$ cat coords.cif   # mmCIF, C-alpha atoms and all ligand atoms
data_protein
loop_
_atom_site.label_atom_id
_atom_site.label_comp_id
_atom_site.auth_asym_id
_atom_site.auth_seq_id
_atom_site.Cartn_x
_atom_site.Cartn_y
_atom_site.Cartn_z
CA MET A 1 41.32 -22.14 -111.36
CA ALA A 2 38.25 -24.00 -112.56
CA ASP A 3 37.01 -22.91 -115.93
CA ALA A 4 33.30 -23.03 -115.10
CA ALA A 5 32.29 -21.70 -118.51
CA ALA A 6 33.27 -24.97 -120.11
CA VAL A 7 30.64 -26.91 -118.18
CA ASP A 8 26.85 -26.76 -117.90
CA THR A 9 26.67 -27.34 -114.15
CA VAL A 10 29.02 -27.20 -111.17
CA THR A 11 28.11 -29.10 -107.99
CA SER A 12 30.05 -29.18 -104.72
CA VAL A 13 30.05 -32.26 -102.47
CA PRO A 14 32.55 -33.54 -99.91
CA VAL A 15 33.31 -36.74 -101.85
CA ALA A 16 33.23 -37.52 -105.59
CA ILE A 17 33.32 -41.20 -106.45
CA VAL A 18 34.51 -42.38 -109.85
CA GLY A 19 32.98 -45.82 -110.38
CA ALA A 20 29.50 -46.87 -109.27
CA GLY A 21 29.98 -50.60 -108.96
CA PRO A 22 29.63 -52.31 -105.57
CA ALA A 23 32.71 -50.58 -104.08
CA GLY A 24 31.70 -47.07 -105.15
CA LEU A 25 28.07 -47.49 -104.15
CA MET A 26 28.84 -49.11 -100.81
CA LEU A 27 31.16 -46.22 -99.99
CA ALA A 28 28.44 -43.73 -100.97
CA HIS A 29 26.00 -45.66 -98.79
CA LEU A 30 28.28 -45.70 -95.73
CA LEU A 31 29.09 -42.00 -96.10
CA GLY A 32 25.41 -41.18 -96.62
CA ARG A 33 24.47 -42.95 -93.39
CA ALA A 34 26.85 -40.61 -91.58
CA GLY A 35 25.33 -37.57 -93.27
CA ILE A 36 28.13 -37.04 -95.82
CA GLU A 37 26.97 -36.39 -99.34
CA SER A 38 28.71 -37.82 -102.37
CA ILE A 39 28.17 -38.10 -106.10
CA ALA A 40 29.11 -41.33 -107.86
CA ILE A 41 29.55 -41.62 -111.63
CA ASP A 42 30.15 -44.57 -113.93
CA THR A 43 30.79 -44.96 -117.63
CA ARG A 44 28.64 -48.09 -117.72
CA THR A 45 24.85 -47.97 -117.73
CA ARG A 46 22.98 -49.35 -114.73
CA HIS A 47 21.66 -52.13 -116.97
CA GLU A 48 25.18 -53.08 -118.11
CA ILE A 49 26.41 -53.45 -114.53
CA GLU A 50 23.29 -55.37 -113.52
CA THR A 51 23.71 -57.89 -116.28
CA THR A 52 27.49 -58.47 -116.27
CA GLN A 53 28.09 -61.78 -114.49
CA ARG A 54 30.73 -61.56 -111.79
CA ALA A 55 31.64 -63.73 -108.81
CA GLY A 56 29.13 -64.90 -106.28
CA ILE A 57 30.65 -65.54 -102.87
CA LEU A 58 30.40 -63.15 -99.91
CA GLU A 59 32.17 -63.56 -96.61
CA ALA A 60 29.77 -63.83 -93.68
CA ASP A 61 31.07 -60.49 -92.36
CA VAL A 62 30.39 -58.76 -95.66
CA ALA A 63 26.88 -60.25 -95.83
CA ARG A 64 26.24 -59.07 -92.27
CA ASP A 65 27.43 -55.55 -93.13
CA LEU A 66 25.04 -55.36 -96.09
CA VAL A 67 22.14 -56.29 -93.83
CA GLU A 68 23.15 -54.34 -90.73
CA THR A 69 23.97 -51.08 -92.53
CA GLY A 70 20.53 -51.20 -94.12
CA VAL A 71 21.48 -51.90 -97.75
CA SER A 72 19.07 -54.81 -97.95
CA ASP A 73 18.03 -57.96 -96.16
CA ARG A 74 17.23 -59.67 -99.46
CA ILE A 75 20.44 -61.64 -99.09
CA LEU A 76 18.87 -63.48 -96.15
CA ARG A 77 15.92 -64.52 -98.32
CA ASP A 78 17.46 -64.99 -101.77
CA GLY A 79 21.06 -65.82 -100.82
CA ASP A 80 22.29 -69.27 -99.88
CA GLU A 81 24.45 -69.85 -96.84
CA HIS A 82 27.20 -72.36 -97.63
CA GLU A 83 28.94 -74.07 -94.78
CA GLY A 84 31.67 -75.59 -96.92
CA ILE A 85 32.99 -76.36 -100.38
CA GLU A 86 34.00 -79.54 -102.13
CA LEU A 87 37.44 -80.12 -103.59
CA ARG A 88 37.69 -82.87 -106.21
CA PHE A 89 40.90 -84.40 -107.42
CA GLY A 90 42.13 -87.84 -108.40
CA GLY A 91 38.46 -88.56 -109.13
CA ARG A 92 37.42 -88.22 -105.47
CA PRO A 93 35.39 -85.64 -103.54
CA TYR A 94 36.67 -84.04 -100.32
CA ARG A 95 34.49 -81.69 -98.32
CA ILE A 96 36.02 -78.71 -96.52
CA ASP A 97 33.60 -78.07 -93.67
CA PHE A 98 33.99 -74.36 -92.84
CA LYS A 99 31.51 -74.45 -89.97
CA GLU A 100 33.24 -77.32 -88.23
CA LEU A 101 36.77 -76.06 -88.93
CA VAL A 102 36.48 -72.33 -88.21
CA GLY A 103 32.87 -71.76 -87.17
CA GLU A 104 32.15 -69.60 -90.23
CA SER A 105 30.22 -69.84 -93.46
CA VAL A 106 29.98 -67.87 -96.71
CA TRP A 107 26.99 -66.66 -98.72
CA LEU A 108 26.33 -67.44 -102.34
CA TYR A 109 24.84 -64.13 -103.47
CA PRO A 110 25.91 -62.90 -106.91
CA GLN A 111 27.71 -59.60 -107.25
CA THR A 112 24.99 -58.48 -109.68
CA ASP A 113 22.49 -58.76 -106.81
CA VAL A 114 24.79 -56.87 -104.45
CA PHE A 115 24.90 -54.10 -107.07
CA ILE A 116 21.10 -54.14 -107.58
CA ASP A 117 20.56 -53.82 -103.81
CA LEU A 118 23.10 -51.01 -103.45
CA ALA A 119 21.70 -49.05 -106.41
CA ALA A 120 18.17 -49.44 -104.98
CA ALA A 121 19.40 -48.27 -101.56
CA ARG A 122 20.93 -45.16 -103.18
CA ASP A 123 17.59 -44.43 -104.90
CA ARG A 124 15.72 -44.97 -101.64
CA ASP A 125 18.08 -42.74 -99.64
CA GLY A 126 18.17 -39.94 -102.23
CA GLY A 127 21.81 -40.49 -103.20
CA THR A 128 23.14 -39.13 -106.48
CA VAL A 129 24.54 -41.62 -109.00
CA HIS A 130 25.06 -40.90 -112.70
CA PHE A 131 25.42 -43.92 -114.96
CA GLY A 132 26.42 -43.99 -118.63
CA VAL A 133 28.69 -40.94 -118.46
CA ARG A 134 31.70 -40.42 -120.75
CA ASP A 135 34.86 -38.33 -121.09
CA THR A 136 35.54 -38.48 -117.35
CA GLU A 137 38.39 -36.26 -116.22
CA VAL A 138 39.80 -36.02 -112.73
CA LEU A 139 41.64 -32.76 -112.12
CA ASP A 140 43.78 -31.14 -109.44
CA VAL A 141 44.16 -34.24 -107.26
CA THR A 142 47.28 -32.82 -105.63
CA SER A 143 45.30 -29.80 -104.43
CA GLU A 144 42.65 -29.61 -101.72
CA GLN A 145 39.99 -28.88 -104.35
CA PRO A 146 40.01 -31.78 -106.77
CA ARG A 147 37.39 -31.82 -109.51
CA VAL A 148 35.72 -34.44 -111.63
CA ARG A 149 34.29 -33.58 -115.03
CA TYR A 150 32.12 -35.77 -117.19
CA THR A 151 29.68 -35.71 -120.06
CA ALA A 152 26.18 -36.94 -119.25
CA PRO A 153 24.31 -39.28 -121.65
CA ASP A 154 22.40 -36.23 -123.01
CA GLY A 155 25.68 -34.57 -124.04
CA THR A 156 25.78 -31.93 -121.30
CA ARG A 157 29.07 -31.38 -119.47
CA HIS A 158 29.29 -31.31 -115.67
CA GLU A 159 31.78 -30.59 -112.95
CA ILE A 160 31.84 -31.96 -109.40
CA ARG A 161 33.99 -30.06 -106.91
CA ALA A 162 34.94 -32.18 -103.96
CA ARG A 163 37.34 -32.32 -101.04
CA TYR A 164 38.24 -35.92 -101.85
CA VAL A 165 37.98 -38.05 -104.97
CA VAL A 166 37.72 -41.81 -104.70
CA GLY A 167 38.81 -43.96 -107.64
CA ALA A 168 36.59 -47.04 -107.44
CA ASP A 169 36.69 -47.50 -111.17
CA GLY A 170 37.56 -51.15 -111.42
CA SER A 171 40.32 -53.24 -112.91
CA ARG A 172 40.71 -50.93 -115.93
CA SER A 173 40.91 -47.91 -113.63
CA MET A 174 41.63 -44.52 -115.12
CA CYS A 175 42.13 -43.01 -111.66
CA ARG A 176 45.13 -45.14 -110.75
CA GLY A 177 46.97 -43.62 -113.71
CA LEU A 178 46.83 -40.25 -111.92
CA VAL A 179 49.56 -41.38 -109.55
CA PRO A 180 52.67 -40.27 -111.46
CA GLU A 181 54.65 -43.10 -113.01
CA ASP A 182 57.79 -42.31 -111.03
CA ARG A 183 55.86 -42.34 -107.75
CA ARG A 184 53.95 -45.60 -108.13
CA VAL A 185 54.82 -49.27 -108.11
CA ARG A 186 52.73 -51.86 -109.93
CA TYR A 187 53.09 -55.47 -108.82
CA THR A 188 51.79 -57.87 -111.43
CA LYS A 189 51.55 -61.61 -111.96
CA GLU A 190 50.15 -63.02 -115.19
CA TYR A 191 48.79 -66.57 -115.55
CA PRO A 192 49.10 -68.73 -118.65
CA PHE A 193 45.41 -69.68 -118.57
CA ALA A 194 41.96 -68.09 -118.37
CA TRP A 195 38.51 -69.20 -117.24
CA PHE A 196 35.74 -70.07 -119.61
CA GLY A 197 32.51 -69.07 -117.85
CA ILE A 198 29.04 -70.31 -118.74
CA MET A 199 25.50 -69.75 -117.55
CA THR A 200 23.23 -72.72 -118.06
CA GLU A 201 19.57 -73.37 -117.55
CA ALA A 202 19.64 -76.50 -115.43
CA PRO A 203 19.03 -77.63 -111.88
CA ALA A 204 22.02 -77.54 -109.51
CA SER A 205 24.49 -80.40 -109.87
CA ALA A 206 25.78 -80.06 -106.30
CA PRO A 207 24.56 -78.37 -103.10
CA GLU A 208 27.83 -76.46 -102.61
CA LEU A 209 30.62 -75.12 -104.82
CA VAL A 210 32.84 -77.78 -106.34
CA TYR A 211 36.46 -76.84 -107.11
CA ALA A 212 37.87 -79.61 -109.29
CA CYS A 213 41.45 -80.29 -110.31
CA SER A 214 42.07 -82.89 -112.98
CA GLU A 215 44.88 -83.79 -115.32
CA HIS A 216 42.91 -81.91 -117.99
CA GLY A 217 42.72 -78.73 -115.91
CA PHE A 218 40.55 -76.91 -113.40
CA ALA A 219 36.75 -76.60 -113.22
CA LEU A 220 34.44 -74.78 -110.82
CA ILE A 221 30.80 -75.67 -110.39
CA SER A 222 28.83 -72.81 -108.86
CA GLN A 223 25.15 -72.04 -108.62
CA ARG A 224 22.81 -69.12 -109.18
CA THR A 225 19.18 -70.18 -108.69
CA GLU A 226 17.15 -73.38 -108.67
CA THR A 227 17.06 -73.27 -112.45
CA VAL A 228 20.24 -71.39 -113.43
CA GLN A 229 23.82 -72.51 -112.79
CA ARG A 230 27.22 -70.88 -113.21
CA MET A 231 30.25 -72.98 -114.18
CA TYR A 232 33.82 -72.29 -115.22
CA PHE A 233 36.72 -74.26 -116.60
CA GLN A 234 40.35 -73.47 -117.23
CA CYS A 235 41.00 -72.64 -120.88
CA ASP A 236 43.63 -71.24 -123.20
CA PRO A 237 43.22 -67.45 -122.98
CA ASP A 238 43.76 -67.06 -126.73
CA GLU A 239 41.14 -69.54 -127.90
CA PRO A 240 38.05 -67.66 -129.18
CA VAL A 241 34.67 -68.21 -127.53
CA ASP A 242 33.31 -69.44 -130.89
CA ALA A 243 35.66 -72.42 -130.78
CA TRP A 244 33.53 -73.80 -127.93
CA SER A 245 30.33 -75.54 -129.00
CA ASP A 246 27.90 -76.54 -126.25
CA ASP A 247 28.86 -80.20 -126.77
CA ARG A 248 32.55 -79.45 -126.40
CA ILE A 249 31.90 -77.40 -123.26
CA TRP A 250 29.90 -80.16 -121.59
CA ALA A 251 32.42 -82.83 -122.56
CA THR A 252 35.22 -80.67 -121.08
CA LEU A 253 33.37 -79.96 -117.85
CA GLN A 254 32.23 -83.58 -117.40
CA ALA A 255 35.80 -84.87 -117.93
CA ARG A 256 37.16 -82.49 -115.30
CA VAL A 257 34.71 -83.48 -112.57
CA ALA A 258 34.47 -87.19 -113.42
CA GLY A 259 35.37 -89.64 -110.71
CA GLU A 260 34.94 -93.06 -109.20
CA ASP A 261 31.78 -91.86 -107.40
CA GLY A 262 30.14 -91.44 -110.82
CA PHE A 263 29.54 -87.70 -110.31
CA ARG A 264 28.02 -86.03 -113.36
CA LEU A 265 26.84 -82.51 -114.06
CA THR A 266 23.23 -81.98 -115.01
CA GLU A 267 23.41 -80.43 -118.46
CA GLY A 268 21.12 -77.77 -119.91
CA PRO A 269 21.02 -75.06 -122.57
CA ILE A 270 23.98 -72.68 -122.28
CA PHE A 271 22.91 -69.05 -122.60
CA GLU A 272 26.16 -67.24 -121.87
CA LYS A 273 29.78 -67.96 -122.77
CA THR A 274 32.69 -65.69 -121.80
CA VAL A 275 36.45 -66.03 -121.60
CA LEU A 276 37.66 -64.35 -118.42
CA ARG A 277 41.29 -63.34 -118.36
CA PHE A 278 42.78 -62.58 -115.00
CA ARG A 279 45.94 -61.57 -113.23
CA SER A 280 47.18 -60.62 -109.80
CA PHE A 281 47.81 -56.89 -109.49
CA VAL A 282 48.50 -54.29 -106.80
CA GLN A 283 49.32 -50.62 -107.24
CA GLU A 284 50.93 -48.68 -104.46
CA PRO A 285 50.37 -46.07 -103.20
CA MET A 286 46.59 -46.32 -102.82
CA ARG A 287 46.41 -42.59 -102.20
CA TRP A 288 47.72 -39.64 -104.13
CA GLY A 289 47.00 -36.22 -102.67
CA SER A 290 43.23 -35.85 -102.42
CA MET A 291 42.54 -39.03 -104.40
CA VAL A 292 42.19 -42.47 -102.89
CA LEU A 293 41.86 -45.78 -104.74
CA ALA A 294 39.56 -48.59 -103.63
CA GLY A 295 38.78 -52.13 -104.81
CA ASP A 296 39.87 -53.46 -108.19
CA ALA A 297 41.25 -50.04 -109.15
CA ALA A 298 44.07 -50.63 -106.66
CA HIS A 299 44.28 -54.42 -106.71
CA THR A 300 42.86 -57.38 -108.56
CA VAL A 301 43.05 -61.05 -107.69
CA PRO A 302 42.37 -64.18 -109.72
CA PRO A 303 38.80 -65.39 -109.06
CA THR A 304 39.79 -68.77 -107.63
CA GLY A 305 39.69 -67.73 -103.98
CA ALA A 306 36.47 -65.66 -104.35
CA ARG A 307 38.22 -62.69 -102.70
CA GLY A 308 37.74 -59.80 -105.18
CA LEU A 309 34.39 -58.35 -104.11
CA ASN A 310 35.05 -59.06 -100.44
CA LEU A 311 38.34 -57.22 -100.62
CA ALA A 312 36.76 -54.24 -102.37
CA LEU A 313 34.02 -53.99 -99.76
CA HIS A 314 36.60 -54.21 -97.01
CA ASP A 315 38.55 -51.32 -98.59
CA VAL A 316 35.50 -49.08 -98.59
CA LYS A 317 34.62 -49.95 -95.02
CA VAL A 318 38.05 -48.73 -93.91
CA LEU A 319 37.89 -45.83 -96.36
CA ALA A 320 34.49 -44.66 -95.08
CA ASP A 321 35.95 -44.66 -91.58
CA VAL A 322 39.02 -42.56 -92.50
CA LEU A 323 37.06 -40.19 -94.79
CA LEU A 324 34.56 -39.50 -92.01
CA ARG A 325 37.43 -38.73 -89.66
CA ALA A 326 39.14 -36.55 -92.27
CA LEU A 327 35.95 -34.60 -93.00
CA GLY A 328 34.98 -34.52 -89.34
CA GLY A 329 37.88 -32.25 -88.42
CA GLU A 330 40.97 -34.44 -88.43
CA GLY A 331 41.90 -33.35 -91.94
CA ALA A 332 43.79 -35.24 -94.63
CA GLY A 333 46.13 -36.79 -92.06
CA ALA A 334 43.36 -39.30 -91.26
CA LEU A 335 43.89 -40.77 -94.74
CA GLU A 336 47.42 -41.83 -93.84
CA ASP A 337 45.92 -44.84 -92.08
CA TYR A 338 44.05 -46.12 -95.07
CA GLN A 339 46.75 -47.77 -97.12
CA SER A 340 48.39 -49.64 -94.27
CA ARG A 341 45.06 -50.89 -92.97
CA ALA A 342 43.84 -51.93 -96.42
CA LEU A 343 47.10 -53.35 -97.74
CA GLN A 344 47.66 -55.97 -95.09
CA ARG A 345 44.43 -57.68 -96.11
CA VAL A 346 45.17 -57.09 -99.80
CA TRP A 347 48.47 -58.97 -99.67
CA ARG A 348 46.99 -61.76 -97.56
CA ALA A 349 44.26 -62.11 -100.16
CA GLN A 350 46.82 -61.91 -102.98
CA ASN A 351 48.67 -64.79 -101.41
CA PHE A 352 45.58 -66.88 -100.87
CA SER A 353 44.22 -66.26 -104.39
CA TYR A 354 47.59 -67.09 -105.92
CA TRP A 355 47.94 -70.21 -103.76
CA MET A 356 44.45 -71.49 -104.53
CA THR A 357 44.94 -70.78 -108.26
CA ARG A 358 48.24 -72.67 -108.39
CA LEU A 359 46.85 -75.45 -106.22
CA LEU A 360 43.99 -76.22 -108.61
CA HIS A 361 45.08 -75.32 -112.17
CA THR A 362 47.38 -77.28 -114.42
CA ALA A 363 50.18 -75.21 -115.90
CA PRO A 364 50.51 -75.62 -119.68
CA GLY A 365 53.70 -77.55 -120.37
CA GLY A 366 53.67 -79.13 -116.90
CA THR A 367 55.49 -82.44 -116.52
CA PRO A 368 54.12 -85.65 -114.94
CA PHE A 369 56.24 -84.72 -111.91
CA ASP A 370 54.46 -81.39 -111.63
CA PHE A 371 51.03 -83.05 -111.65
CA ARG A 372 52.03 -85.71 -109.08
CA ARG A 373 53.48 -83.01 -106.82
CA GLN A 374 50.24 -81.05 -107.16
CA LEU A 375 48.21 -84.10 -106.09
CA GLY A 376 50.58 -84.38 -103.14
CA GLU A 377 49.85 -80.81 -102.14
CA LEU A 378 46.09 -81.36 -102.50
CA ASP A 379 46.45 -84.47 -100.32
CA ASN A 380 48.25 -82.38 -97.72
CA VAL A 381 45.43 -79.85 -97.77
CA VAL A 382 42.51 -82.24 -97.43
CA GLY A 383 44.36 -84.87 -95.43
CA THR A 384 45.44 -82.74 -92.50
CA ARG A 385 43.34 -80.68 -90.13
CA ALA A 386 45.86 -77.84 -90.47
CA GLY A 387 45.50 -77.94 -94.27
CA ARG A 388 41.69 -77.95 -94.21
CA GLY A 389 41.72 -75.29 -91.49
CA TYR A 390 44.02 -73.05 -93.50
CA LEU A 391 41.76 -73.23 -96.55
CA ALA A 392 38.61 -72.68 -94.46
CA GLU A 393 40.07 -69.72 -92.60
CA GLN A 394 41.32 -67.99 -95.72
CA TYR A 395 38.23 -68.66 -97.82
CA THR A 396 35.78 -67.37 -95.22
CA GLY A 397 37.85 -64.21 -94.69
CA TRP A 398 39.46 -62.39 -91.83
CA PRO A 399 37.64 -60.23 -89.32
CA THR A 400 37.52 -56.53 -90.15
CA ARG A 401 39.03 -53.97 -87.85
CA THR A 402 37.36 -50.63 -88.40
CA SER A 403 39.74 -48.70 -86.19
CA ALA A 404 43.50 -48.88 -86.36
C1 LIG B 1 30.78 -67.63 -108.90
O1 LIG B 1 29.77 -68.15 -108.40
O2 LIG B 1 30.70 -66.95 -109.93
C2 LIG B 1 32.12 -67.85 -108.29
C3 LIG B 1 32.21 -68.51 -107.08
C4 LIG B 1 33.46 -68.75 -106.51
C5 LIG B 1 34.61 -68.33 -107.15
C6 LIG B 1 34.53 -67.64 -108.36
C7 LIG B 1 33.28 -67.40 -108.94
O3 LIG B 1 35.82 -68.61 -106.61
#
$ encode --input "coords.cif" --output "structure tokens"
Amino acid sequence: MADAAAVDTVTSVPVAIVGAGPAGLMLAHLLGRAGIESIAIDTRTRHEIETTQRAGILEADVARDLVETGVSDRILRDGDEHEGIELRFGGRPYRIDFKELVGESVWLYPQTDVFIDLAAARDRDGGTVHFGVRDTEVLDVTSEQPRVRYTAPDGTRHEIRARYVVGADGSRSMCRGLVPEDRRVRYTKEYPFAWFGIMTEAPASAPELVYACSEHGFALISQRTETVQRMYFQCDPDEPVDAWSDDRIWATLQARVAGEDGFRLTEGPIFEKTVLRFRSFVQEPMRWGSMVLAGDAAHTVPPTGARGLNLALHDVKVLADVLLRALGGEGAGALEDYQSRALQRVWRAQNFSYWMTRLLHTAPGGTPFDFRRQLGELDNVVGTRAGRGYLAEQYTGWPTRTSA
């Protein structure tokens, strides 16, 4: 039984959420709208989450959900609707026109802004979120009374008693480790390269995202605001950030996007440099007793297909639906639906992210044959309506079913 003496406070809520990033907070928001209280905790401070650059593309459906569920309509004012992307290879640009091909678009709205809006919506709606906690423990997940314990920033120790615990604690999830080793499977794919990400103070170099494949490797030109841009290029994961001077970064990026159309990036001061390692990962099962995993805690994808945040927000949409049913009288059986409904999209997104990554990056040690074959594949993608349509359909996402 719970040893209440070891903690300063004990609070009971239907759902405890470990992880207060976009997935955790969106779940809290959706539950809150239906009158179900939750407490979300995170080891990071609010400021840390707000200032850690992440991806920036939202599916139209996800953007609509943020507006229609009352998180915020700021996306409509500050976000940018993109009706396509540009692929560049062999020194030429090719536009993939999402609107024309599949009638959809995506929104450029950084994950940091999604988080800021969700955290503000929690404040507005009186939701409870504790940032900057430590020593998180999740106990008794195989019982019907799981508990979460944590130490607050002021050193006091707290316990949350819940009916369900949600592990939305990101790609370094502690919660997923609660599924016993002999009962879980981890599917992993490592890549022999990483992304070097920069933030630069400069006007936009292109109106839409540019995904470039060159003999020297991949580059992605993204945007943030009229005066701040986000760019990435494929790098050796083991090379330290310090090895990259601003001059070397610009020379690398310019070489990867160069072409016969004379395209050049507008350069500016670089104020952030990060090496981003990535992998493809799925853990099954996504539920263990009274604990359910959502978002990066259960699955991560390489950033090339811009799926990660979209997938996480899809998980919590399905999860909110099954949790409301479970708490509304159906009981834990309602959770049985979650994994099968979430996983189909997860593996589709795994495939797309893997495909897009392999399509656009050069593998270290690749032969001239490999590069020519890759150009052939890119030609097949941009040169056929089926190829362009496939990319457009996958990139803009698949419709969400909220009921099985
Ligand atoms: C970004 O803007 O940070 C971004 C956009 C698209 C991606 C990855 C990152 O595929």
$ closest_atom_pairs --input "coords.cif" --of "chain A" --to "ligand LIG 1 (chain B)" --cutoff "10 Å" --atoms "only C-alpha atoms and all ligand atoms" --output "JSON lines"
{"residue": "A:Gln53", "atom": "CA", "partner": "B:LIG1", "partner_atom": "O2", "distance": 7.4}
{"residue": "A:Arg54", "atom": "CA", "partner": "B:LIG1", "partner_atom": "O2", "distance": 5.7}
{"residue": "A:Ala55", "atom": "CA", "partner": "B:LIG1", "partner_atom": "O2", "distance": 3.5}
{"residue": "A:Gly56", "atom": "CA", "partner": "B:LIG1", "partner_atom": "O1", "distance": 3.9}
{"residue": "A:Ile57", "atom": "CA", "partner": "B:LIG1", "partner_atom": "C3", "distance": 5.4}
{"residue": "A:Leu58", "atom": "CA", "partner": "B:LIG1", "partner_atom": "C3", "distance": 9.1}
{"residue": "A:Ile85", "atom": "CA", "partner": "B:LIG1", "partner_atom": "C4", "distance": 9.8}
{"residue": "A:Leu108", "atom": "CA", "partner": "B:LIG1", "partner_atom": "O1", "distance": 7.0}
{"residue": "A:Tyr109", "atom": "CA", "partner": "B:LIG1", "partner_atom": "O1", "distance": 8.0}
{"residue": "A:Pro110", "atom": "CA", "partner": "B:LIG1", "partner_atom": "O1", "distance": 6.7}
{"residue": "A:Gln111", "atom": "CA", "partner": "B:LIG1", "partner_atom": "O2", "distance": 8.4}
{"residue": "A:Trp195", "atom": "CA", "partner": "B:LIG1", "partner_atom": "C6", "distance": 9.9}
{"residue": "A:Gly197", "atom": "CA", "partner": "B:LIG1", "partner_atom": "O2", "distance": 8.4}
{"residue": "A:Ile198", "atom": "CA", "partner": "B:LIG1", "partner_atom": "O2", "distance": 9.6}
{"residue": "A:Met199", "atom": "CA", "partner": "B:LIG1", "partner_atom": "O2", "distance": 9.6}
{"residue": "A:Leu209", "atom": "CA", "partner": "B:LIG1", "partner_atom": "C3", "distance": 7.2}
{"residue": "A:Val210", "atom": "CA", "partner": "B:LIG1", "partner_atom": "C4", "distance": 9.1}
{"residue": "A:Tyr211", "atom": "CA", "partner": "B:LIG1", "partner_atom": "O3", "distance": 8.3}
{"residue": "A:Leu220", "atom": "CA", "partner": "B:LIG1", "partner_atom": "C5", "distance": 7.4}
{"residue": "A:Ile221", "atom": "CA", "partner": "B:LIG1", "partner_atom": "O1", "distance": 7.8}
{"residue": "A:Ser222", "atom": "CA", "partner": "B:LIG1", "partner_atom": "O1", "distance": 4.8}
{"residue": "A:Gln223", "atom": "CA", "partner": "B:LIG1", "partner_atom": "O1", "distance": 6.0}
{"residue": "A:Arg224", "atom": "CA", "partner": "B:LIG1", "partner_atom": "O1", "distance": 7.1}
{"residue": "A:Gln229", "atom": "CA", "partner": "B:LIG1", "partner_atom": "O1", "distance": 8.6}
{"residue": "A:Arg230", "atom": "CA", "partner": "B:LIG1", "partner_atom": "O1", "distance": 6.1}
{"residue": "A:Met231", "atom": "CA", "partner": "B:LIG1", "partner_atom": "O2", "distance": 7.4}
{"residue": "A:Tyr232", "atom": "CA", "partner": "B:LIG1", "partner_atom": "C7", "distance": 8.0}
{"residue": "A:Pro302", "atom": "CA", "partner": "B:LIG1", "partner_atom": "O3", "distance": 8.5}
{"residue": "A:Pro303", "atom": "CA", "partner": "B:LIG1", "partner_atom": "C6", "distance": 4.9}
{"residue": "A:Thr304", "atom": "CA", "partner": "B:LIG1", "partner_atom": "O3", "distance": 4.1}
{"residue": "A:Gly305", "atom": "CA", "partner": "B:LIG1", "partner_atom": "O3", "distance": 4.8}
{"residue": "A:Ala306", "atom": "CA", "partner": "B:LIG1", "partner_atom": "O3", "distance": 3.8}
{"residue": "A:Arg307", "atom": "CA", "partner": "B:LIG1", "partner_atom": "O3", "distance": 7.5}
{"residue": "A:Gly308", "atom": "CA", "partner": "B:LIG1", "partner_atom": "C6", "distance": 9.0}
{"residue": "A:Ser353", "atom": "CA", "partner": "B:LIG1", "partner_atom": "O3", "distance": 9.0}
{"residue": "A:Met356", "atom": "CA", "partner": "B:LIG1", "partner_atom": "O3", "distance": 9.3}
{"residue": "A:Thr357", "atom": "CA", "partner": "B:LIG1", "partner_atom": "O3", "distance": 9.5}
{"residue": "A:Tyr395", "atom": "CA", "partner": "B:LIG1", "partner_atom": "O3", "distance": 9.1}
$ closest_atom_pairs --input "coords.cif" --of "region 163-217 of chain A" --to "region 330-345 of chain A" --cutoff "12 Å" --atoms "all atoms listed in the file" --output "tab-separated table"
residue	atom	partner	partner_atom	distance
A:Arg163	CA	A:Ala332	CA	9.6
A:Tyr164	CA	A:Ala332	CA	9.1
A:Val166	CA	A:Leu335	CA	11.8
$ atom_distance --input "coords.cif" --atom1 "CA of Glu260 (chain A)" --atom2 "CA of Ala212 (chain A)"
13.8 Å
$ closest_residue --input "coords.cif" --among "A:Val71, A:Leu66, A:Ile160, A:Ala255" --to "Pro146 (chain A)" --atoms "all atoms listed in the file"
A:Ile160
$ closest_residue --input "coords.cif" --among "A:Asp379, A:Glu267, A:Glu144, A:Asp246" --to "Arg88 (chain A)" --atoms "all atoms listed in the file"
A:Asp379
$ closest_residue --input "coords.cif" --among "A:Leu265, A:Ile41, A:Val282, A:Ala326" --to "Thr188 (chain A)" --atoms "all atoms listed in the file"
A:Val282
$ closest_residue --input "coords.cif" --among "A:Val129, A:Ala202, A:Ala162, A:Val10" --to "Ser143 (chain A)" --atoms "all atoms listed in the file"
A:Ala162
$ closest_residue --input "coords.cif" --among "A:Ala312, A:Ala121, A:Ile96, A:Val18" --to "Val382 (chain A)" --atoms "all atoms listed in the file"
A:Ile96
